[in-house]
$ cat run_37.json   # JSON, C-alpha atoms
[["chain", "number", "residue", "atom", "x", "y", "z"],
["T", 858, "MET", "CA", 38.01, 64.90, -41.96],
["T", 859, "ASP", "CA", 40.06, 67.84, -43.12],
["T", 860, "GLN", "CA", 41.23, 67.50, -46.67],
["T", 861, "ALA", "CA", 44.81, 68.53, -45.96],
["T", 862, "ASN", "CA", 45.00, 65.80, -43.35],
["T", 863, "ALA", "CA", 43.75, 63.28, -45.85],
["T", 864, "ILE", "CA", 46.66, 64.17, -48.10],
["T", 865, "LEU", "CA", 49.34, 64.43, -45.44],
["T", 866, "ALA", "CA", 48.45, 61.78, -42.90],
["T", 867, "GLY", "CA", 47.13, 58.26, -42.93],
["T", 868, "PRO", "CA", 48.32, 55.37, -45.04],
["T", 869, "ASP", "CA", 46.67, 56.55, -48.24],
["T", 870, "ALA", "CA", 48.56, 59.83, -48.27],
["T", 871, "LEU", "CA", 50.14, 61.56, -51.25],
["T", 872, "VAL", "CA", 53.49, 61.68, -49.47],
["T", 873, "ASN", "CA", 53.69, 57.89, -49.25],
["T", 874, "TYR", "CA", 53.26, 57.52, -53.00],
["T", 875, "LEU", "CA", 55.87, 60.20, -53.68],
["T", 876, "LEU", "CA", 58.35, 58.51, -51.34],
["T", 877, "LEU", "CA", 57.80, 55.13, -52.99],
["T", 878, "ALA", "CA", 58.31, 56.72, -56.41],
["T", 879, "GLY", "CA", 61.46, 58.37, -55.09],
["T", 880, "LEU", "CA", 62.78, 55.01, -53.89],
["T", 881, "LEU", "CA", 62.09, 53.41, -57.29],
["T", 882, "PHE", "CA", 63.83, 56.31, -59.02],
["T", 883, "ALA", "CA", 66.86, 56.07, -56.72],
["T", 884, "CYS", "CA", 67.05, 52.33, -57.41],
["T", 885, "GLY", "CA", 67.01, 53.10, -61.13],
["T", 886, "VAL", "CA", 69.86, 55.58, -60.72],
["T", 887, "PHE", "CA", 71.86, 53.00, -58.78],
["T", 888, "ALA", "CA", 71.33, 50.38, -61.48],
["T", 889, "MET", "CA", 72.25, 52.77, -64.28],
["T", 890, "ILE", "CA", 75.54, 53.73, -62.65],
["T", 891, "SER", "CA", 76.69, 50.44, -61.15],
["T", 892, "ARG", "CA", 75.51, 47.73, -63.53],
["T", 893, "ARG", "CA", 77.70, 46.61, -66.40],
["T", 894, "ASN", "CA", 75.11, 44.41, -68.08],
["T", 895, "ALA", "CA", 73.15, 46.37, -70.69],
["T", 896, "VAL", "CA", 69.91, 44.59, -69.79],
["T", 897, "GLY", "CA", 70.47, 45.44, -66.13],
["T", 898, "ILE", "CA", 70.80, 49.11, -67.04],
["T", 899, "LEU", "CA", 67.60, 48.87, -69.07],
["T", 900, "MET", "CA", 65.83, 47.46, -66.01],
["T", 901, "GLY", "CA", 66.97, 50.52, -64.06],
["T", 902, "VAL", "CA", 65.52, 52.79, -66.73],
["T", 903, "GLU", "CA", 62.20, 50.92, -66.56],
["T", 904, "LEU", "CA", 62.13, 51.42, -62.78],
["T", 905, "MET", "CA", 62.67, 55.16, -63.25],
["T", 906, "LEU", "CA", 59.87, 55.35, -65.82],
["T", 907, "ASN", "CA", 57.59, 53.52, -63.39],
["T", 908, "ALA", "CA", 58.47, 56.04, -60.69],
["T", 909, "ALA", "CA", 57.49, 58.90, -63.01],
["T", 910, "GLY", "CA", 54.22, 57.13, -63.80],
["T", 911, "ILE", "CA", 53.38, 56.72, -60.12],
["T", 912, "ASN", "CA", 54.03, 60.42, -59.56],
["T", 913, "PHE", "CA", 51.74, 61.44, -62.42],
["T", 914, "VAL", "CA", 48.88, 59.23, -61.26],
["T", 915, "ALA", "CA", 49.33, 60.25, -57.61],
["T", 916, "PHE", "CA", 49.17, 63.97, -58.43],
["T", 917, "ALA", "CA", 46.17, 63.31, -60.68],
["T", 918, "ARG", "CA", 44.45, 61.59, -57.77],
["T", 919, "PHE", "CA", 45.14, 64.32, -55.24],
["T", 920, "GLY", "CA", 44.99, 67.32, -57.54],
["T", 921, "HIS", "CA", 42.18, 69.72, -58.28],
["T", 922, "ALA", "CA", 38.81, 68.35, -59.18],
["T", 923, "THR", "CA", 37.20, 69.63, -62.36],
["T", 924, "ALA", "CA", 33.55, 70.19, -63.02],
["T", 925, "GLY", "CA", 33.41, 66.92, -64.92],
["T", 926, "GLY", "CA", 34.76, 64.91, -62.00],
["T", 927, "GLN", "CA", 38.20, 63.47, -61.40],
["T", 928, "GLN", "CA", 41.17, 65.14, -63.09],
["T", 929, "LEU", "CA", 42.48, 62.52, -65.49],
["T", 930, "ASP", "CA", 45.30, 64.29, -67.36],
["T", 931, "GLY", "CA", 47.92, 62.67, -65.14],
["T", 932, "GLN", "CA", 46.62, 59.21, -65.94],
["T", 933, "VAL", "CA", 46.78, 59.99, -69.67],
["T", 934, "MET", "CA", 50.38, 61.13, -69.23],
["T", 935, "THR", "CA", 51.19, 57.83, -67.52],
["T", 936, "LEU", "CA", 49.65, 55.97, -70.45],
["T", 937, "PHE", "CA", 51.96, 57.90, -72.78],
["T", 938, "ILE", "CA", 54.91, 57.06, -70.54],
["T", 939, "ILE", "CA", 54.05, 53.36, -70.70],
["T", 940, "VAL", "CA", 53.80, 53.46, -74.50],
["T", 941, "LEU", "CA", 57.13, 55.27, -74.78],
["T", 942, "ALA", "CA", 58.69, 52.76, -72.39],
["T", 943, "ALA", "CA", 57.48, 49.93, -74.62],
["T", 944, "ALA", "CA", 58.97, 51.59, -77.72],
["T", 945, "GLU", "CA", 62.22, 52.26, -75.88],
["T", 946, "ALA", "CA", 62.45, 48.68, -74.60],
["T", 947, "ALA", "CA", 61.87, 47.24, -78.08],
["T", 948, "VAL", "CA", 64.64, 49.33, -79.64],
["T", 949, "ALA", "CA", 67.02, 48.91, -76.71],
["T", 950, "LEU", "CA", 66.69, 45.14, -76.60],
["T", 951, "ALA", "CA", 67.13, 44.95, -80.37],
["T", 952, "LEU", "CA", 70.35, 46.92, -79.93],
["T", 953, "VAL", "CA", 71.42, 44.59, -77.10],
["T", 954, "LEU", "CA", 70.91, 41.54, -79.30],
["T", 955, "ALA", "CA", 72.70, 43.25, -82.19],
["T", 956, "VAL", "CA", 75.66, 44.07, -79.94],
["T", 957, "PHE", "CA", 75.71, 40.50, -78.70],
["T", 958, "GLN", "CA", 75.79, 39.18, -82.28],
["T", 959, "THR", "CA", 78.90, 41.20, -83.08],
["T", 960, "HIS", "CA", 80.74, 41.30, -79.74],
["T", 961, "LYS", "CA", 79.56, 38.09, -78.01],
["T", 962, "THR", "CA", 79.02, 40.12, -74.84],
["T", 963, "ILE", "CA", 76.60, 42.73, -73.56],
["T", 964, "SER", "CA", 78.83, 44.02, -70.81],
["T", 965, "LEU", "CA", 79.07, 47.70, -71.62],
["T", 966, "ASP", "CA", 82.61, 47.92, -70.23],
["T", 967, "ASP", "CA", 83.79, 45.60, -72.99],
["T", 968, "VAL", "CA", 81.93, 47.31, -75.82],
["T", 969, "ASP", "CA", 84.09, 50.41, -76.09],
["T", 970, "GLU", "CA", 85.30, 50.58, -79.67],
["T", 971, "MET", "CA", 84.22, 54.20, -79.97],
["T", 972, "ARG", "CA", 86.30, 55.11, -76.96],
["T", 973, "MET", "CA", 89.45, 57.17, -77.61],
["X", 66, "MET", "CA", 39.29, 49.68, -43.70],
["X", 67, "ALA", "CA", 42.02, 48.15, -41.60],
["X", 68, "VAL", "CA", 42.43, 45.33, -44.08],
["X", 69, "ALA", "CA", 42.80, 47.81, -46.94],
["X", 70, "THR", "CA", 45.47, 49.68, -44.96],
["X", 71, "LEU", "CA", 47.32, 46.44, -44.29],
["X", 72, "ILE", "CA", 47.23, 45.49, -47.97],
["X", 73, "PHE", "CA", 48.42, 48.99, -48.91],
["X", 74, "TRP", "CA", 51.50, 48.75, -46.70],
["X", 75, "LEU", "CA", 52.12, 45.20, -47.91],
["X", 76, "VAL", "CA", 52.07, 46.39, -51.51],
["X", 77, "ILE", "CA", 54.42, 49.26, -50.69],
["X", 78, "LEU", "CA", 56.77, 46.87, -48.91],
["X", 79, "VAL", "CA", 56.77, 44.31, -51.72],
["X", 80, "THR", "CA", 57.31, 46.97, -54.39],
["X", 81, "ALA", "CA", 60.15, 48.67, -52.54],
["X", 82, "THR", "CA", 61.87, 45.39, -51.65],
["X", 83, "SER", "CA", 61.66, 43.95, -55.13],
["X", 84, "ALA", "CA", 62.90, 47.23, -56.64],
["X", 85, "ILE", "CA", 65.96, 47.03, -54.39],
["X", 86, "VAL", "CA", 66.49, 43.38, -55.32],
["X", 87, "VAL", "CA", 66.28, 44.34, -59.02],
["X", 88, "VAL", "CA", 69.30, 46.59, -58.73],
["X", 89, "THR", "CA", 71.33, 44.59, -56.19],
["X", 90, "ALA", "CA", 70.88, 40.99, -57.36],
["X", 91, "ARG", "CA", 74.06, 39.53, -58.78],
["X", 92, "ASN", "CA", 72.23, 37.15, -61.08],
["X", 93, "ILE", "CA", 70.56, 39.18, -63.82],
["X", 94, "LEU", "CA", 67.81, 36.56, -64.15],
["X", 95, "HIS", "CA", 66.87, 36.98, -60.47],
["X", 96, "ALA", "CA", 66.74, 40.72, -61.10],
["X", 97, "ALA", "CA", 64.34, 40.17, -64.00],
["X", 98, "PHE", "CA", 61.96, 38.05, -61.92],
["X", 99, "SER", "CA", 62.13, 40.62, -59.14],
["X", 100, "LEU", "CA", 61.31, 43.28, -61.73],
["X", 101, "CYS", "CA", 58.13, 41.33, -62.51],
["X", 102, "LEU", "CA", 57.15, 41.63, -58.83],
["X", 103, "ALA", "CA", 57.96, 45.36, -58.86],
["X", 104, "PHE", "CA", 55.77, 45.90, -61.96],
["X", 105, "LEU", "CA", 52.91, 44.00, -60.29],
["X", 106, "GLY", "CA", 53.34, 46.14, -57.18],
["X", 107, "VAL", "CA", 53.20, 49.34, -59.23],
["X", 108, "ALA", "CA", 50.01, 48.07, -60.89],
["X", 109, "ALA", "CA", 48.53, 47.52, -57.42],
["X", 110, "ILE", "CA", 49.59, 51.06, -56.49],
["X", 111, "TYR", "CA", 47.66, 52.34, -59.52],
["X", 112, "VAL", "CA", 44.59, 50.47, -58.27],
["X", 113, "PHE", "CA", 44.99, 52.15, -54.88],
["X", 114, "LEU", "CA", 45.10, 55.48, -56.73],
["X", 115, "HIS", "CA", 41.77, 54.68, -58.44],
["X", 116, "ALA", "CA", 43.50, 54.43, -61.82],
["X", 117, "ASP", "CA", 42.14, 51.04, -62.86],
["X", 118, "PHE", "CA", 42.67, 51.52, -66.58],
["X", 119, "VAL", "CA", 46.30, 52.53, -66.08],
["X", 120, "ALA", "CA", 46.76, 49.48, -63.85],
["X", 121, "ALA", "CA", 45.41, 47.20, -66.58],
["X", 122, "VAL", "CA", 47.67, 48.81, -69.18],
["X", 123, "GLN", "CA", 50.61, 48.45, -66.80],
["X", 124, "LEU", "CA", 49.90, 44.73, -66.47],
["X", 125, "ILE", "CA", 49.46, 44.17, -70.19],
["X", 126, "VAL", "CA", 52.35, 46.27, -71.47],
["X", 127, "TYR", "CA", 54.95, 45.90, -68.72],
["X", 128, "VAL", "CA", 54.39, 42.40, -67.38],
["X", 129, "GLY", "CA", 53.03, 40.96, -70.61],
["X", 130, "GLY", "CA", 55.31, 42.77, -73.02],
["X", 131, "ILE", "CA", 58.42, 44.49, -71.73],
["X", 132, "LEU", "CA", 59.25, 41.88, -69.11],
["X", 133, "VAL", "CA", 58.93, 39.04, -71.63],
["X", 134, "LEU", "CA", 61.21, 40.99, -73.98],
["X", 135, "ILE", "CA", 63.75, 41.47, -71.19],
["X", 136, "LEU", "CA", 63.69, 37.78, -70.26],
["X", 137, "PHE", "CA", 64.03, 36.90, -73.93],
["X", 138, "ALA", "CA", 67.04, 39.19, -74.30],
["X", 139, "ILE", "CA", 68.68, 37.78, -71.16],
["X", 140, "MET", "CA", 68.27, 34.18, -72.25],
["X", 141, "PHE", "CA", 69.18, 34.89, -75.86],
["X", 142, "SER", "CA", 72.36, 36.73, -75.00],
["X", 143, "ALA", "CA", 73.29, 33.97, -72.52],
["X", 144, "ASN", "CA", 75.13, 36.43, -70.35],
["X", 145, "VAL", "CA", 73.51, 35.41, -67.10],
["X", 146, "VAL", "CA", 76.73, 34.22, -65.56],
["X", 147, "GLU", "CA", 78.75, 37.29, -66.38],
["X", 148, "ASP", "CA", 77.11, 39.52, -63.81],
["X", 149, "THR", "CA", 77.06, 36.68, -61.32],
["X", 150, "ALA", "CA", 80.77, 36.11, -61.51],
["X", 151, "GLU", "CA", 83.09, 37.53, -58.90],
["X", 152, "GLY", "CA", 84.04, 41.09, -59.71],
["X", 153, "GLY", "CA", 80.96, 41.53, -61.88],
["X", 154, "ARG", "CA", 80.66, 45.05, -60.57],
["X", 155, "SER", "CA", 83.60, 47.06, -59.38],
["X", 156, "LYS", "CA", 83.68, 48.54, -55.89],
["X", 157, "LEU", "CA", 84.03, 52.00, -57.41],
["X", 158, "ALA", "CA", 80.92, 51.60, -59.55],
["X", 159, "LEU", "CA", 78.94, 50.28, -56.58],
["X", 160, "ALA", "CA", 80.07, 53.16, -54.37],
["X", 161, "ALA", "CA", 79.35, 55.77, -57.03],
["X", 162, "GLY", "CA", 75.95, 54.25, -57.73],
["X", 163, "ALA", "CA", 75.06, 54.06, -54.05],
["X", 164, "ALA", "CA", 76.17, 57.65, -53.46],
["X", 165, "ALA", "CA", 74.14, 58.94, -56.40],
["X", 166, "ALA", "CA", 71.08, 56.90, -55.40],
["X", 167, "VAL", "CA", 71.23, 58.10, -51.78],
["X", 168, "ALA", "CA", 71.68, 61.71, -52.95],
["X", 169, "VAL", "CA", 68.69, 61.48, -55.29],
["X", 170, "PHE", "CA", 66.50, 59.84, -52.65],
["X", 171, "ALA", "CA", 67.52, 62.37, -50.00],
["X", 172, "ALA", "CA", 66.69, 65.22, -52.37],
["X", 173, "ILE", "CA", 63.27, 63.70, -53.09],
["X", 174, "VAL", "CA", 62.57, 63.23, -49.36],
["X", 175, "LEU", "CA", 63.55, 66.85, -48.68],
["X", 176, "LEU", "CA", 61.34, 68.12, -51.50],
["X", 177, "THR", "CA", 58.46, 66.00, -50.21],
["X", 178, "GLN", "CA", 58.85, 67.48, -46.74],
["X", 179, "ARG", "CA", 58.82, 70.96, -48.26],
["X", 180, "LEU", "CA", 55.68, 70.04, -50.17],
["X", 181, "LYS", "CA", 53.79, 69.29, -46.96],
["X", 182, "ASP", "CA", 53.58, 72.91, -45.79],
["X", 183, "PRO", "CA", 52.15, 74.46, -48.97],
["X", 184, "LEU", "CA", 49.60, 71.68, -49.22],
["X", 185, "ALA", "CA", 48.50, 72.09, -45.62],
["X", 186, "ALA", "CA", 48.48, 75.89, -45.83],
["X", 187, "ALA", "CA", 46.63, 76.20, -49.10],
["X", 188, "ASN", "CA", 44.13, 73.42, -48.40],
["X", 189, "VAL", "CA", 43.06, 73.82, -52.00],
["X", 190, "HIS", "CA", 41.85, 70.31, -52.53],
["X", 191, "GLY", "CA", 38.13, 69.98, -52.27],
["X", 192, "ALA", "CA", 37.20, 67.38, -49.70],
["X", 193, "ASP", "CA", 34.29, 66.28, -51.85],
["X", 194, "HIS", "CA", 36.70, 65.39, -54.63],
["X", 195, "TYR", "CA", 38.95, 63.30, -52.47],
["X", 196, "GLN", "CA", 36.24, 61.61, -50.48],
["X", 197, "ALA", "CA", 33.95, 60.88, -53.39],
["X", 198, "ALA", "CA", 34.53, 57.47, -54.83],
["X", 199, "VAL", "CA", 34.97, 57.86, -58.54],
["X", 200, "SER", "CA", 33.37, 54.99, -60.38],
["X", 201, "VAL", "CA", 35.60, 52.83, -62.54],
["X", 202, "ALA", "CA", 33.46, 53.35, -65.60],
["X", 203, "ALA", "CA", 33.57, 57.14, -65.22],
["X", 204, "GLY", "CA", 37.37, 57.09, -65.08],
["X", 205, "GLN", "CA", 37.66, 54.94, -68.19],
["X", 206, "THR", "CA", 35.17, 57.07, -70.08],
["X", 207, "GLY", "CA", 37.07, 60.19, -69.09],
["X", 208, "ILE", "CA", 40.37, 58.76, -70.31],
["X", 209, "GLY", "CA", 38.76, 57.77, -73.58],
["X", 210, "HIS", "CA", 37.35, 61.26, -74.08],
["X", 211, "LEU", "CA", 40.72, 62.84, -73.27],
["X", 212, "LEU", "CA", 42.62, 60.55, -75.65],
["X", 213, "MET", "CA", 40.15, 61.16, -78.47],
["X", 214, "GLY", "CA", 39.79, 64.87, -77.75],
["X", 215, "GLN", "CA", 42.31, 67.02, -75.96],
["X", 216, "TYR", "CA", 45.22, 64.58, -76.45],
["X", 217, "LEU", "CA", 44.34, 63.37, -79.95],
["X", 218, "LEU", "CA", 47.48, 64.78, -81.59],
["X", 219, "PRO", "CA", 49.92, 63.33, -79.00],
["X", 220, "PHE", "CA", 48.01, 60.06, -79.21],
["X", 221, "GLU", "CA", 48.50, 59.84, -82.97],
["X", 222, "VAL", "CA", 52.13, 60.97, -82.74],
["X", 223, "VAL", "CA", 52.82, 58.30, -80.13],
["X", 224, "SER", "CA", 51.22, 55.62, -82.29],
["X", 225, "VAL", "CA", 53.40, 56.60, -85.25],
["X", 226, "LEU", "CA", 56.44, 56.66, -82.95],
["X", 227, "LEU", "CA", 55.61, 53.17, -81.69],
["X", 228, "LEU", "CA", 55.35, 51.92, -85.27],
["X", 229, "ALA", "CA", 58.66, 53.57, -86.17],
["X", 230, "ALA", "CA", 60.34, 52.05, -83.09],
["X", 231, "LEU", "CA", 59.10, 48.56, -83.90],
["X", 232, "VAL", "CA", 60.16, 48.83, -87.56],
["X", 233, "GLY", "CA", 63.52, 50.18, -86.40],
["X", 234, "ALA", "CA", 63.98, 47.28, -83.99],
["X", 235, "VAL", "CA", 63.27, 44.77, -86.76],
["X", 236, "VAL", "CA", 65.70, 46.54, -89.11],
["X", 237, "ILE", "CA", 68.47, 46.54, -86.49],
["X", 238, "ILE", "CA", 68.07, 42.84, -85.79],
["X", 239, "ARG", "CA", 67.75, 41.81, -89.46],
["X", 240, "LYS", "CA", 70.92, 43.62, -90.48],
["X", 241, "GLU", "CA", 72.87, 41.79, -87.80],
["X", 242, "LEU", "CA", 71.40, 38.43, -88.64],
["X", 243, "LYS", "CA", 72.44, 38.74, -92.28],
["X", 244, "ASN", "CA", 76.10, 39.17, -91.35]]

$ encode --input "run_37.json" --output "structure tokens"
Amino acid sequence: MDQANAILAGPDALVNYLLLAGLLFACGVFAMISRRNAVGILMGVELMLNAAGINFVAFARFGHATAGGQQLDGQVMTLFIIVLAAAEAAVALALVLAVFQTHKTISLDDVDEMRM
Amino acid sequence: MAVATLIFWLVILVTATSAIVVVTARNILHAAFSLCLAFLGVAAIYVFLHADFVAAVQLIVYVGGILVLILFAIMFSANVVEDTAEGGRSKLALAAGAAAAVAVFAAIVLLTQRLKDPLAAANVHGADHYQAAVSVAAGQTGIGHLLMGQYLLPFEVVSVLLLAALVGAVVIIRKELKN
């Protein structure tokens, strides 16, 4: 089987992974713009980070092979993304709880004291 | 092979559907549980991409860590009803969000279509690489060598950043609790 066909056609094709990642990213954009709940927005961000991770691993899978075997840099990048997502979620949720302590709401439309 | 294909499409379907439910559900708690399904689907996608270690990390960190944190924040802030209530999201926000999401997705689809031609023309990917089944152990060993070799500095920086983030989170919460 021709290699280009393996990437472009069939169920296990690179394009399918990229389209799924694109859908996850678009969902994240939708959540970030339309949701008012801070936790809901955070969920959208997590979806976008997941989409980026899928892209990295997919390109690592279908990219050039090295002498040592499979190219793994993309997988390492995804590991870094996951760690950064964990750090981001910890800080963001701490902020959400802090805002809730002071404002009794986490709806970002109501937390606008910095607004002119 | 046919069973694997069926499972692949099932995983894609479940992941895509639950991702859409995450952003459209009115009840934020339903969105969180749907997010759990989406994370599990992404982990399955990693398995399909022969990235078993990343899939395990995805399960441990996302499902075991981040999702529990999110559920904790939702229940602690007791704001479940707010997004459920009528007029939780304005029509304008929904329209703007939908327009932006459709634009982003359309751009990605277009770029993906453009990607097809260079890939087919160049045919740079060695068939032996794609066809050869990479053993799980080899992949894990390779990741370990990369993390302890080429990516040692980023690895250490990220660990310090994680520590700083966790300390920062504790400081933020403690200050508020004292008030």

$ residues_around --input "run_37.json" --residues "Val133 of chain X" --least-positions-apart "5" --cutoff "12 Å" --atoms "all atoms listed in the file" --output "number ranges by chain"
T: 943, 946-947, 950; X: 94, 97-98, 100-101, 124-128, 138-141

$ closest_residue --input "run_37.json" --among "T:Ala908, T:Ala878, T:Val956, T:Leu929" --to "Gly209 of chain X" --atoms "only C-alpha atoms"
T:Leu929

$ closest_residue --input "run_37.json" --among "X:Val169, X:Val235, X:Val223, X:Ala163" --to "Val940 of chain T" --atoms "all atoms listed in the file"
X:Val223

$ closest_residue --input "run_37.json" --among "T:Ala883, T:Met905, T:Leu965, T:Leu899" --to "chain X" --atoms "all atoms listed in the file"
T:Ala883

$ residues_around --input "run_37.json" --residues "Gln932 of chain T" --least-positions-apart "3" --cutoff "8 Å" --atoms "only C-alpha atoms" --output "list in words"
Phe913, Val914, Ala917, Leu929, Thr935 and Leu936 of chain T; Ala116, Val119 and Ile208 of chain X

$ residues_around --input "run_37.json" --residues "segment 75-84 of chain X" --least-positions-apart "6" --cutoff "6 Å" --atoms "only C-alpha atoms" --output "list in words"
Ser99, Ala103 and Gly106 of chain X

$ atom_distance --input "run_37.json" --atom1 "atom CA of Gly129 of chain X" --atom2 "atom CA of Asn907 of chain T"
15.2 Å

$ atom_distance --input "run_37.json" --atom1 "atom CA of Leu871 of chain T" --atom2 "atom CA of Val902 of chain T"
23.5 Å

$ atom_distance --input "run_37.json" --atom1 "atom CA of Val88 of chain X" --atom2 "atom CA of Arg918 of chain T"
29.0 Å

$ closest_residue --input "run_37.json" --among "X:Leu159, X:Leu218, X:Ile72, X:Leu180" --to "chain T" --atoms "all atoms listed in the file"
X:Leu159

$ residues_around --input "run_37.json" --residues "Val968 of chain T" --least-positions-apart "2" --cutoff "12 Å" --atoms "only C-alpha atoms" --output "number ranges by chain"
T: 893-895, 953, 955-957, 959-966, 970-972

$ closest_residue --input "run_37.json" --among "X:Leu211, X:Ala230, X:Leu102, X:Ala158" --to "Gln928 of chain T" --atoms "all atoms listed in the file"
X:Leu211
